[in-house]
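Engineer: Got a structure for you, written out below as structure tokens; questions coming shortly.
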Amino acid sequence: MNKLNMIYEGKAKQLYTVEENDKIIIHYKDDATAFNGVKKAQINHKGELNNAISTIIFNHLHKNNIPTHYIETLNDRDQLCHKVSIIPLEVIVRNIIAGSMAKRLDIKEGTVAPKPIYELCFKNDELGDPLINEDHALALNVVSESDLKEIKDLTLKINTLLIDLFKNIDITLVDFKIEFGRKLDGTIVLADEISPDTCRLWDTLTQKKLDKDRFRRDLGNVEDAYQEILARLSK
């Protein structure tokens, strides 16, 4: 399967058309951004690492009947995926309170949530991806009530599967952000990626951060942290 035309370039990935109009190739870049693109850098091999990590996770989700856009990994940086129309909602699950929620509500980072906290943000860079609720999503006319139920049900199943996956390699899944899209037939599927770029992952024993917070907070050793996640998942 060959790349034809680049149809989109985001902060961390490029999308290319292929011969079949219901598929695309997603190319993972080394670019790193934070704070809605204010902070930028390149991290060696990040694209390769996120591609490999996402491949393992998508395959795990497929085995557990989670529908995704992923079809197969073509090489170190490229995945063949179903073409989808992205639903402009970022879906966030917080198992442990950290990051923006800790700051917003003045809750100590590391506080365990009494149950998974489910959040929605409106995907809009100009507005800064504002936090919204389900009624707001309906008012934006980007989803129906049945879509919202399907998305929430899938998200909570994904959370359970990922908690168990990471627990087996002594990693705590603190929180994660995912996106959904519609295939050409209207089916809603998990899209984008699942990687240390989109998850907070802490070593269960040491609480060491093994995710993008190492870049956001200038902790250093970003590539090493991503390598550690891949090495553990590969076992």
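Here's how to read the names in the structure tokens: chain A, B, ... by the order shown, residue numbers from 1 in each chain, ligand numbers from 1 in the order shown.
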Could you name the residues that touch region 18-34 of chain A at 8 Å or less, counting only C-alpha atoms, but leaving out those on the same chain fewer than 4 positions away, as a ChimeraX atom specification?
Structural biologist: /A:1-5,11-14,38-48,50-51,77-83,184,215-216
Engineer: Looking only at strand (DSSP E) from DSSP on the backbone, list the matching residues of region 4-232 of chain A as a ChimeraX atom specification.
Structural biologist: /A:6-9,13-17,23-28,31-34,39-42,70-73,78-82,84-86,89-96,112-122,131-132,171-183,188-191,199-203
Engineer: Take the residues from that selection and put them in a file with C-alpha atoms, as a PDB file, in the first residue's frame.
Structural biologist:
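Writing done, so here's out-v5.pdb:
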ATOM      1  CA  MET A   6      -0.979  14.176   2.096  1.00  0.00           C
ATOM      2  CA  ILE A   7      -4.453  15.328   3.145  1.00  0.00           C
ATOM      3  CA  TYR A   8      -3.736  16.523   6.676  1.00  0.00           C
ATOM      4  CA  GLU A   9      -0.805  17.342   8.934  1.00  0.00           C
ATOM      5  CA  LYS A  13       1.039  12.809  12.557  1.00  0.00           C
ATOM      6  CA  GLN A  14       0.457  13.125   8.814  1.00  0.00           C
ATOM      7  CA  LEU A  15      -2.422  11.520   6.903  1.00  0.00           C
ATOM      8  CA  TYR A  16      -2.081  10.243   3.324  1.00  0.00           C
ATOM      9  CA  THR A  17      -4.536   8.910   0.792  1.00  0.00           C
ATOM     10  CA  LYS A  23      -8.420   3.753   3.825  1.00  0.00           C
ATOM     11  CA  ILE A  24      -5.554   6.083   4.723  1.00  0.00           C
ATOM     12  CA  ILE A  25      -1.957   5.839   5.879  1.00  0.00           C
ATOM     13  CA  ILE A  26      -1.094   7.555   9.157  1.00  0.00           C
ATOM     14  CA  HIS A  27       2.556   8.606   9.470  1.00  0.00           C
ATOM     15  CA  TYR A  28       3.938   9.205  12.975  1.00  0.00           C
ATOM     16  CA  ASP A  31       7.382  16.408  16.662  1.00  0.00           C
ATOM     17  CA  ALA A  32       6.312  17.071  20.244  1.00  0.00           C
ATOM     18  CA  THR A  33       3.963  19.851  21.305  1.00  0.00           C
ATOM     19  CA  ALA A  34       2.357  20.911  24.555  1.00  0.00           C
ATOM     20  CA  LYS A  39       5.796  24.498  23.432  1.00  0.00           C
ATOM     21  CA  LYS A  40       7.417  22.617  20.547  1.00  0.00           C
ATOM     22  CA  ALA A  41      10.379  20.302  20.049  1.00  0.00           C
ATOM     23  CA  GLN A  42      11.518  17.180  18.260  1.00  0.00           C
ATOM     24  CA  TYR A  70      -6.514   0.473  12.891  1.00  0.00           C
ATOM     25  CA  ILE A  71      -5.923  -2.157  10.179  1.00  0.00           C
ATOM     26  CA  GLU A  72      -2.201  -2.954  10.197  1.00  0.00           C
ATOM     27  CA  THR A  73       1.259  -1.507  10.761  1.00  0.00           C
ATOM     28  CA  ASP A  78       3.207   4.105   9.123  1.00  0.00           C
ATOM     29  CA  GLN A  79      -0.132   2.493   9.896  1.00  0.00           C
ATOM     30  CA  LEU A  80      -2.878   1.571   7.450  1.00  0.00           C
ATOM     31  CA  CYS A  81      -6.223   2.636   8.903  1.00  0.00           C
ATOM     32  CA  HIS A  82      -9.846   2.974   7.947  1.00  0.00           C
ATOM     33  CA  VAL A  84     -12.910   8.178   9.314  1.00  0.00           C
ATOM     34  CA  SER A  85     -14.510  11.547   9.927  1.00  0.00           C
ATOM     35  CA  ILE A  86     -13.258  12.590  13.347  1.00  0.00           C
ATOM     36  CA  LEU A  89     -14.718  15.702  20.857  1.00  0.00           C
ATOM     37  CA  GLU A  90     -11.735  14.783  23.008  1.00  0.00           C
ATOM     38  CA  VAL A  91     -12.755  12.102  25.490  1.00  0.00           C
ATOM     39  CA  ILE A  92     -10.790  11.995  28.737  1.00  0.00           C
ATOM     40  CA  VAL A  93     -10.802   9.427  31.528  1.00  0.00           C
ATOM     41  CA  ARG A  94      -9.095  10.174  34.838  1.00  0.00           C
ATOM     42  CA  ASN A  95      -8.402   7.318  37.246  1.00  0.00           C
ATOM     43  CA  ILE A  96      -6.009   9.431  39.304  1.00  0.00           C
ATOM     44  CA  VAL A 112      -7.152   8.488  43.419  1.00  0.00           C
ATOM     45  CA  ALA A 113     -10.589   9.209  41.974  1.00  0.00           C
ATOM     46  CA  PRO A 114     -13.489   7.391  43.713  1.00  0.00           C
ATOM     47  CA  LYS A 115     -14.477   6.136  40.267  1.00  0.00           C
ATOM     48  CA  PRO A 116     -13.232   6.873  36.737  1.00  0.00           C
ATOM     49  CA  ILE A 117     -13.920  10.522  35.881  1.00  0.00           C
ATOM     50  CA  TYR A 118     -15.314  10.942  32.357  1.00  0.00           C
ATOM     51  CA  GLU A 119     -14.793  14.292  30.609  1.00  0.00           C
ATOM     52  CA  LEU A 120     -15.438  15.789  27.187  1.00  0.00           C
ATOM     53  CA  CYS A 121     -13.639  18.649  25.455  1.00  0.00           C
ATOM     54  CA  PHE A 122     -14.666  20.367  22.241  1.00  0.00           C
ATOM     55  CA  LEU A 131     -14.173  21.421  28.663  1.00  0.00           C
ATOM     56  CA  ILE A 132     -17.851  20.750  27.916  1.00  0.00           C
ATOM     57  CA  ILE A 171       2.434   0.710  35.170  1.00  0.00           C
ATOM     58  CA  THR A 172      -0.423   2.795  36.594  1.00  0.00           C
ATOM     59  CA  LEU A 173      -2.795   4.283  34.016  1.00  0.00           C
ATOM     60  CA  VAL A 174      -3.384   7.719  35.535  1.00  0.00           C
ATOM     61  CA  ASP A 175      -5.494   9.173  32.730  1.00  0.00           C
ATOM     62  CA  PHE A 176      -5.808   9.203  28.960  1.00  0.00           C
ATOM     63  CA  LYS A 177      -7.345  11.125  26.074  1.00  0.00           C
ATOM     64  CA  ILE A 178      -8.907   9.462  23.038  1.00  0.00           C
ATOM     65  CA  GLU A 179     -10.873  10.416  19.942  1.00  0.00           C
ATOM     66  CA  PHE A 180     -13.563   8.685  17.937  1.00  0.00           C
ATOM     67  CA  GLY A 181     -14.485   8.848  14.269  1.00  0.00           C
ATOM     68  CA  ARG A 182     -17.128   7.596  11.873  1.00  0.00           C
ATOM     69  CA  LYS A 183     -16.209   5.178   9.107  1.00  0.00           C
ATOM     70  CA  ILE A 188     -18.255   4.819  15.319  1.00  0.00           C
ATOM     71  CA  VAL A 189     -14.724   3.578  16.039  1.00  0.00           C
ATOM     72  CA  LEU A 190     -11.788   4.528  18.217  1.00  0.00           C
ATOM     73  CA  ALA A 191      -9.359   6.632  16.160  1.00  0.00           C
ATOM     74  CA  CYS A 199      -1.818   8.826  28.394  1.00  0.00           C
ATOM     75  CA  ARG A 200      -0.311   9.584  31.782  1.00  0.00           C
ATOM     76  CA  LEU A 201       1.630   6.489  32.777  1.00  0.00           C
ATOM     77  CA  TRP A 202       3.422   6.185  36.120  1.00  0.00           C
ATOM     78  CA  ASP A 203       5.693   3.391  37.300  1.00  0.00           C
TER      79      ASP A 203
END
Engineer: Which of region 17-119 of chain A counts as alpha helix (DSSP H) under DSSP, as a PyMOL selection string please?
Structural biologist: chain A and resi 46-63+99-105
Engineer: Have a look at CA of Pro196 (chain A) and CA of Leu49 (chain A) and let me know their distance in Å, one decimal.
Structural biologist: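 For CA of Pro196 (chain A) relative to CA of Leu49 (chain A), the distance reads 9.3 Å.
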Engineer: Calculate how many Å separate CA of Leu233 (chain A) from CA of Ile169 (chain A), rounding to one decimal.
Structural biologist: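 Interatomic distance here is 7.0 Å.
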Engineer: Have a look at CA of Lys123 (chain A) and CA of Ile87 (chain A) and let me know their distance in Å, one decimal.
Structural biologist: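 Between these atoms lies a distance of 8.5 Å.
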